[in-house]
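Peer 1: Just one file: coords.cif, with mmCIF, C-alpha atoms.
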data_coords
#
loop_
_atom_site.group_PDB
_atom_site.id
_atom_site.type_symbol
_atom_site.label_atom_id
_atom_site.label_comp_id
_atom_site.auth_asym_id
_atom_site.auth_seq_id
_atom_site.Cartn_x
_atom_site.Cartn_y
_atom_site.Cartn_z
ATOM 1 C CA MET A 1 41.906 23.251 49.612
ATOM 2 C CA ASN A 2 38.596 22.475 47.919
ATOM 3 C CA TYR A 3 38.046 20.919 44.489
ATOM 4 C CA LYS A 4 37.237 24.283 42.846
ATOM 5 C CA GLU A 5 40.632 25.673 43.864
ATOM 6 C CA GLU A 6 42.481 22.493 42.959
ATOM 7 C CA TYR A 7 40.733 22.008 39.572
ATOM 8 C CA PRO A 8 39.587 25.458 38.370
ATOM 9 C CA GLU A 9 39.226 24.323 34.740
ATOM 10 C CA VAL A 10 36.760 21.556 35.605
ATOM 11 C CA GLU A 11 33.096 22.453 35.864
ATOM 12 C CA ILE A 12 31.390 20.430 38.567
ATOM 13 C CA LEU A 13 27.642 20.312 38.192
ATOM 14 C CA ASP A 14 25.632 20.140 41.351
ATOM 15 C CA PRO A 15 23.140 17.277 41.581
ATOM 16 C CA GLU A 16 19.549 17.974 40.649
ATOM 17 C CA THR A 17 17.240 19.169 43.341
ATOM 18 C CA PRO A 18 14.096 17.066 43.806
ATOM 19 C CA GLU A 19 12.086 19.801 42.058
ATOM 20 C CA GLU A 20 14.462 19.868 39.072
ATOM 21 C CA GLU A 21 14.371 16.087 38.811
ATOM 22 C CA ALA A 22 10.555 16.056 38.955
ATOM 23 C CA ARG A 23 10.373 18.741 36.241
ATOM 24 C CA ARG A 24 12.863 16.844 34.031
ATOM 25 C CA LEU A 25 10.988 13.568 34.461
ATOM 26 C CA ALA A 26 7.668 15.257 33.657
ATOM 27 C CA ASP A 27 9.181 16.793 30.502
ATOM 28 C CA GLU A 28 10.547 13.408 29.448
ATOM 29 C CA LYS A 29 7.147 11.761 30.020
ATOM 30 C CA ARG A 30 5.420 14.388 27.862
ATOM 31 C CA ALA A 31 8.060 13.952 25.157
ATOM 32 C CA ARG A 32 7.497 10.179 25.127
ATOM 33 C CA GLY A 33 3.799 10.927 24.746
ATOM 34 C CA ALA A 34 4.722 12.857 21.613
ATOM 35 C CA LEU A 35 5.842 9.615 19.977
ATOM 36 C CA VAL A 36 2.584 7.892 20.901
ATOM 37 C CA LYS A 37 0.601 10.818 19.492
ATOM 38 C CA LEU A 38 2.851 10.882 16.435
ATOM 39 C CA SER A 39 2.208 7.218 15.717
ATOM 40 C CA LYS A 40 -1.568 7.818 15.865
ATOM 41 C CA TYR A 41 -1.627 10.823 13.559
ATOM 42 C CA ILE A 42 1.406 10.194 11.375
ATOM 43 C CA LYS A 43 -0.469 10.282 8.079
ATOM 44 C CA TYR A 44 -1.912 13.709 8.901
ATOM 45 C CA ILE A 45 1.313 15.399 10.013
ATOM 46 C CA PRO A 46 3.521 16.818 7.264
ATOM 47 C CA PHE A 47 6.321 17.663 9.728
ATOM 48 C CA SER A 48 6.585 14.204 11.311
ATOM 49 C CA LYS A 49 10.248 13.712 10.308
ATOM 50 C CA ASP A 50 11.261 16.922 12.087
ATOM 51 C CA LEU A 51 9.207 15.983 15.122
ATOM 52 C CA ALA A 52 10.780 12.526 15.409
ATOM 53 C CA ALA A 53 14.285 13.947 14.793
ATOM 54 C CA ALA A 54 13.665 16.501 17.552
ATOM 55 C CA TYR A 55 12.686 13.660 19.881
ATOM 56 C CA PHE A 56 15.836 11.668 19.158
ATOM 57 C CA CYS A 57 17.989 14.795 19.536
ATOM 58 C CA ALA A 58 16.340 15.663 22.861
ATOM 59 C CA PHE A 59 17.185 12.244 24.284
ATOM 60 C CA ASP A 60 20.710 12.066 22.880
ATOM 61 C CA PRO A 61 23.204 12.283 25.788
ATOM 62 C CA GLU A 62 25.479 14.424 23.590
ATOM 63 C CA THR A 63 22.815 17.133 23.241
ATOM 64 C CA PRO A 64 23.488 20.189 25.449
ATOM 65 C CA ALA A 65 20.990 20.810 28.241
ATOM 66 C CA LYS A 66 19.713 24.111 26.791
ATOM 67 C CA VAL A 67 19.035 22.494 23.416
ATOM 68 C CA ARG A 68 17.342 19.566 25.148
ATOM 69 C CA GLY A 69 15.154 22.036 27.067
ATOM 70 C CA VAL A 70 14.043 23.827 23.894
ATOM 71 C CA LEU A 71 13.214 20.548 22.155
ATOM 72 C CA LEU A 72 11.408 19.057 25.159
ATOM 73 C CA ALA A 73 9.309 22.207 25.448
ATOM 74 C CA ALA A 74 8.346 21.990 21.758
ATOM 75 C CA LEU A 75 7.564 18.273 22.086
ATOM 76 C CA ALA A 76 5.524 18.930 25.228
ATOM 77 C CA TYR A 77 3.500 21.574 23.369
ATOM 78 C CA PHE A 78 2.790 19.009 20.664
ATOM 79 C CA VAL A 79 1.477 16.532 23.252
ATOM 80 C CA VAL A 80 -0.669 18.925 25.293
ATOM 81 C CA PRO A 81 -4.241 18.563 24.020
ATOM 82 C CA THR A 82 -5.265 22.098 24.961
ATOM 83 C CA ASP A 83 -3.267 24.371 22.735
ATOM 84 C CA ILE A 84 -4.041 27.417 20.600
ATOM 85 C CA VAL A 85 -5.670 25.473 17.741
ATOM 86 C CA PRO A 86 -7.215 22.141 18.846
ATOM 87 C CA ASP A 87 -5.594 19.190 17.083
ATOM 88 C CA PHE A 88 -8.903 17.582 16.131
ATOM 89 C CA ILE A 89 -9.509 20.357 13.570
ATOM 90 C CA LEU A 90 -8.017 18.375 10.713
ATOM 91 C CA ALA A 91 -6.832 21.083 8.312
ATOM 92 C CA LEU A 92 -5.639 23.579 10.945
ATOM 93 C CA GLY A 93 -5.172 21.478 14.067
ATOM 94 C CA PHE A 94 -1.464 20.975 13.767
ATOM 95 C CA SER A 95 -0.601 24.423 12.372
ATOM 96 C CA ASP A 96 0.310 25.853 15.773
ATOM 97 C CA ASP A 97 2.248 22.685 16.659
ATOM 98 C CA ALA A 98 4.187 22.977 13.387
ATOM 99 C CA THR A 99 4.944 26.634 14.094
ATOM 100 C CA VAL A 100 6.273 25.884 17.586
ATOM 101 C CA LEU A 101 8.376 22.996 16.278
ATOM 102 C CA ALA A 102 9.732 25.064 13.355
ATOM 103 C CA LEU A 103 10.708 27.852 15.730
ATOM 104 C CA ALA A 104 12.413 25.416 18.108
ATOM 105 C CA MET A 105 14.226 23.693 15.237
ATOM 106 C CA SER A 106 15.457 27.049 13.920
ATOM 107 C CA PHE A 107 17.066 27.724 17.309
ATOM 108 C CA VAL A 108 18.737 24.316 17.611
ATOM 109 C CA SER A 109 19.151 23.198 13.997
ATOM 110 C CA GLY A 110 22.902 22.721 14.357
ATOM 111 C CA HIS A 111 22.330 20.072 17.009
ATOM 112 C CA VAL A 112 19.819 17.931 15.105
ATOM 113 C CA ASN A 113 22.241 15.808 13.132
ATOM 114 C CA ASP A 114 22.100 13.117 10.454
ATOM 115 C CA ASP A 115 22.010 10.361 13.081
ATOM 116 C CA HIS A 116 18.850 11.866 14.623
ATOM 117 C CA ARG A 117 17.247 12.187 11.204
ATOM 118 C CA LYS A 118 18.179 8.594 10.319
ATOM 119 C CA LYS A 119 16.613 7.321 13.558
ATOM 120 C CA ALA A 120 13.514 9.395 12.763
ATOM 121 C CA GLU A 121 13.216 7.851 9.301
ATOM 122 C CA GLU A 122 13.597 4.349 10.766
ATOM 123 C CA PHE A 123 10.933 5.105 13.374
ATOM 124 C CA LEU A 124 8.520 6.389 10.761
ATOM 125 C CA ARG A 125 8.744 3.284 8.541
#
Spell out the structure here as structure tokens.
Peer 2:
Amino acid sequence: MNYKEEYPEVEILDPETPEEEARRLADEKRARGALVKLSKYIKYIPFSKDLAAAYFCAFDPETPAKVRGVLLAALAYFVVPTDIVPDFILALGFSDDATVLALAMSFVSGHVNDDHRKKAEEFLR
């Protein structure tokens, strides 16, 4: 008898493949870069609280994998210097980043909780 027959109610997740691990680590590195970029441009970004809350939610172990994926993708878009509207254009540079983040937050808003927002506020002080 194998474990799936013996424990049908328990979901056993297979370990990550090397490719999945590399992709996850790359996403996490880009997301950490979002905080560095955020700290540089904080005074120019009106959506910084949402961005920081998204970061803390993405790295919360309680956050489901699909939600984490959506948030990491949005954070990665924020970090990538070559996006639709270059970030160095002061008035418009972050408009596409804000749109991507707002869309991501609308999908996962139930998972970004008060604890994430509190950590974001502490980070931004």
Peer 1: Can you tell me which residues surround Ala120 (chain A) at a distance of at most 6 Å, considering only C-alpha atoms, apart from same-chain residues fewer than 2 positions away, and format the answer as a list in words?
Peer 2: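 The residues satisfying every condition are Lys49, Ala52, Ala53, Arg117, Lys118, Glu122 and Phe123 of chain A.
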Peer 1: Export C-alpha atoms of the chosen residues as a PDB file, keeping the file's coordinate frame?
Peer 2:
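Written file, part.pdb:
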ATOM      1  CA  LYS A  49      10.248  13.712  10.308  1.00  0.00           C
ATOM      2  CA  ALA A  52      10.780  12.526  15.409  1.00  0.00           C
ATOM      3  CA  ALA A  53      14.285  13.947  14.793  1.00  0.00           C
ATOM      4  CA  ARG A 117      17.247  12.187  11.204  1.00  0.00           C
ATOM      5  CA  LYS A 118      18.179   8.594  10.319  1.00  0.00           C
ATOM      6  CA  GLU A 122      13.597   4.349  10.766  1.00  0.00           C
ATOM      7  CA  PHE A 123      10.933   5.105  13.374  1.00  0.00           C
TER       8      PHE A 123
END
Peer 1: Using all atoms listed in the file for the distances, tell me which of A:Val108, A:Leu25, A:Val80, A:Leu101 is nearest to Ser48 (chain A).
Peer 2: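 Nearest candidate to Ser48 (chain A) out of A:Val108, A:Leu25, A:Val80, A:Leu101: A:Leu101.
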Peer 1: One decimal, Å: what's the distance from CA of Leu75 (chain A) over to CA of Glu20 (chain A), could you say?
Peer 2: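 Result for CA of Leu75 (chain A) versus CA of Glu20 (chain A): 18.4 Å, one decimal.
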Peer 1: Would you translate the PyMOL selection byres ((chain A and resi 50) around 12) into the concrete set of residues it matches in this file, as a PyMOL selection string?
Peer 2: chain A and resi 38+42+45-49+51-58+71+74-75+97-106+108-109+112-114+116-121+123-124
Peer 1: Using the file's own x, y and z axes, so that the box edges lie along x, y and z, what centre and edge lengths in Å (one decimal) does a box around every listed atom of region 101-119 of chain A get when 3 Å is added on each side? Give it as AutoDock Vina command-line options.
Peer 2:
--center_x 15.6 --center_y 17.6 --center_z 14.2 --size_x 20.5 --size_y 26.5 --size_z 13.8
Peer 1: Just how far from CA of Gly33 (chain A) is CA of Ala76 (chain A), in Å to one decimal?
Peer 2: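 Separating CA of Ala76 (chain A) from CA of Gly33 (chain A) is a distance of 8.2 Å.
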Peer 1: Interatomic distance between CA of Arg24 (chain A) and CA of Phe59 (chain A)?
Peer 2: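 So the two atoms, CA of Arg24 (chain A) and CA of Phe59 (chain A), lie 11.6 Å apart.
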Peer 1: Pick from A:Arg125, A:Lys29, A:Lys40, A:His111: nearest to Asp60 (chain A), with all atoms listed in the file counted?
Peer 2: A:His111
Peer 1: Choose the residue, out of A:Glu28, A:Gly110, A:Gly69, A:Phe78, that has the smallest atom-to-atom separation from Ser95 (chain A); count all atoms listed in the file.
Peer 2: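 Distance minimum relative to Ser95 (chain A) lands on A:Phe78.
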Peer 1: Because some atoms of region 99-119 of chain A are absent here, can you restore N, CA and C atoms and send them as a short mmCIF file (atom, residue, chain, number, x, y, z; two decimals), in the coordinates of the input?
Peer 2:
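Result file follows (part_16.cif):
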data_model
loop_
_atom_site.label_atom_id
_atom_site.label_comp_id
_atom_site.auth_asym_id
_atom_site.auth_seq_id
_atom_site.Cartn_x
_atom_site.Cartn_y
_atom_site.Cartn_z
N THR A 99 4.28 25.35 13.89
CA THR A 99 4.94 26.63 14.09
C THR A 99 5.89 26.58 15.28
N VAL A 100 5.43 26.00 16.39
CA VAL A 100 6.27 25.88 17.59
C VAL A 100 7.49 25.01 17.28
N LEU A 101 7.27 23.89 16.61
CA LEU A 101 8.38 23.00 16.28
C LEU A 101 9.36 23.68 15.32
N ALA A 102 8.86 24.37 14.31
CA ALA A 102 9.73 25.06 13.36
C ALA A 102 10.58 26.12 14.06
N LEU A 103 9.97 26.84 14.98
CA LEU A 103 10.71 27.85 15.73
C LEU A 103 11.79 27.20 16.59
N ALA A 104 11.43 26.13 17.28
CA ALA A 104 12.41 25.42 18.11
C ALA A 104 13.55 24.87 17.25
N MET A 105 13.20 24.27 16.12
CA MET A 105 14.23 23.69 15.24
C MET A 105 15.15 24.78 14.68
N SER A 106 14.61 25.97 14.43
CA SER A 106 15.46 27.05 13.92
C SER A 106 16.49 27.47 14.96
N PHE A 107 16.13 27.37 16.25
CA PHE A 107 17.07 27.72 17.31
C PHE A 107 18.15 26.67 17.51
N VAL A 108 17.81 25.41 17.27
CA VAL A 108 18.74 24.32 17.61
C VAL A 108 19.14 23.48 16.40
N SER A 109 18.95 24.00 15.21
CA SER A 109 19.15 23.20 14.00
C SER A 109 20.55 22.59 13.90
N GLY A 110 21.55 23.25 14.42
CA GLY A 110 22.90 22.72 14.36
C GLY A 110 23.11 21.48 15.20
N HIS A 111 22.19 21.22 16.12
CA HIS A 111 22.33 20.07 17.01
C HIS A 111 21.54 18.85 16.54
N VAL A 112 20.57 19.06 15.67
CA VAL A 112 19.82 17.93 15.10
C VAL A 112 20.65 17.43 13.93
N ASN A 113 21.28 16.28 14.12
CA ASN A 113 22.24 15.81 13.13
C ASN A 113 21.68 14.67 12.27
N ASP A 114 22.51 14.18 11.38
CA ASP A 114 22.10 13.12 10.45
C ASP A 114 21.69 11.84 11.19
N ASP A 115 22.36 11.55 12.30
CA ASP A 115 22.01 10.36 13.08
C ASP A 115 20.58 10.47 13.63
N HIS A 116 20.21 11.65 14.12
CA HIS A 116 18.85 11.87 14.62
C HIS A 116 17.83 11.72 13.49
N ARG A 117 18.16 12.28 12.35
CA ARG A 117 17.25 12.19 11.20
C ARG A 117 17.12 10.75 10.70
N LYS A 118 18.22 10.00 10.73
CA LYS A 118 18.18 8.59 10.32
C LYS A 118 17.30 7.79 11.27
N LYS A 119 17.45 8.02 12.58
CA LYS A 119 16.61 7.32 13.56
C LYS A 119 15.14 7.70 13.36
#
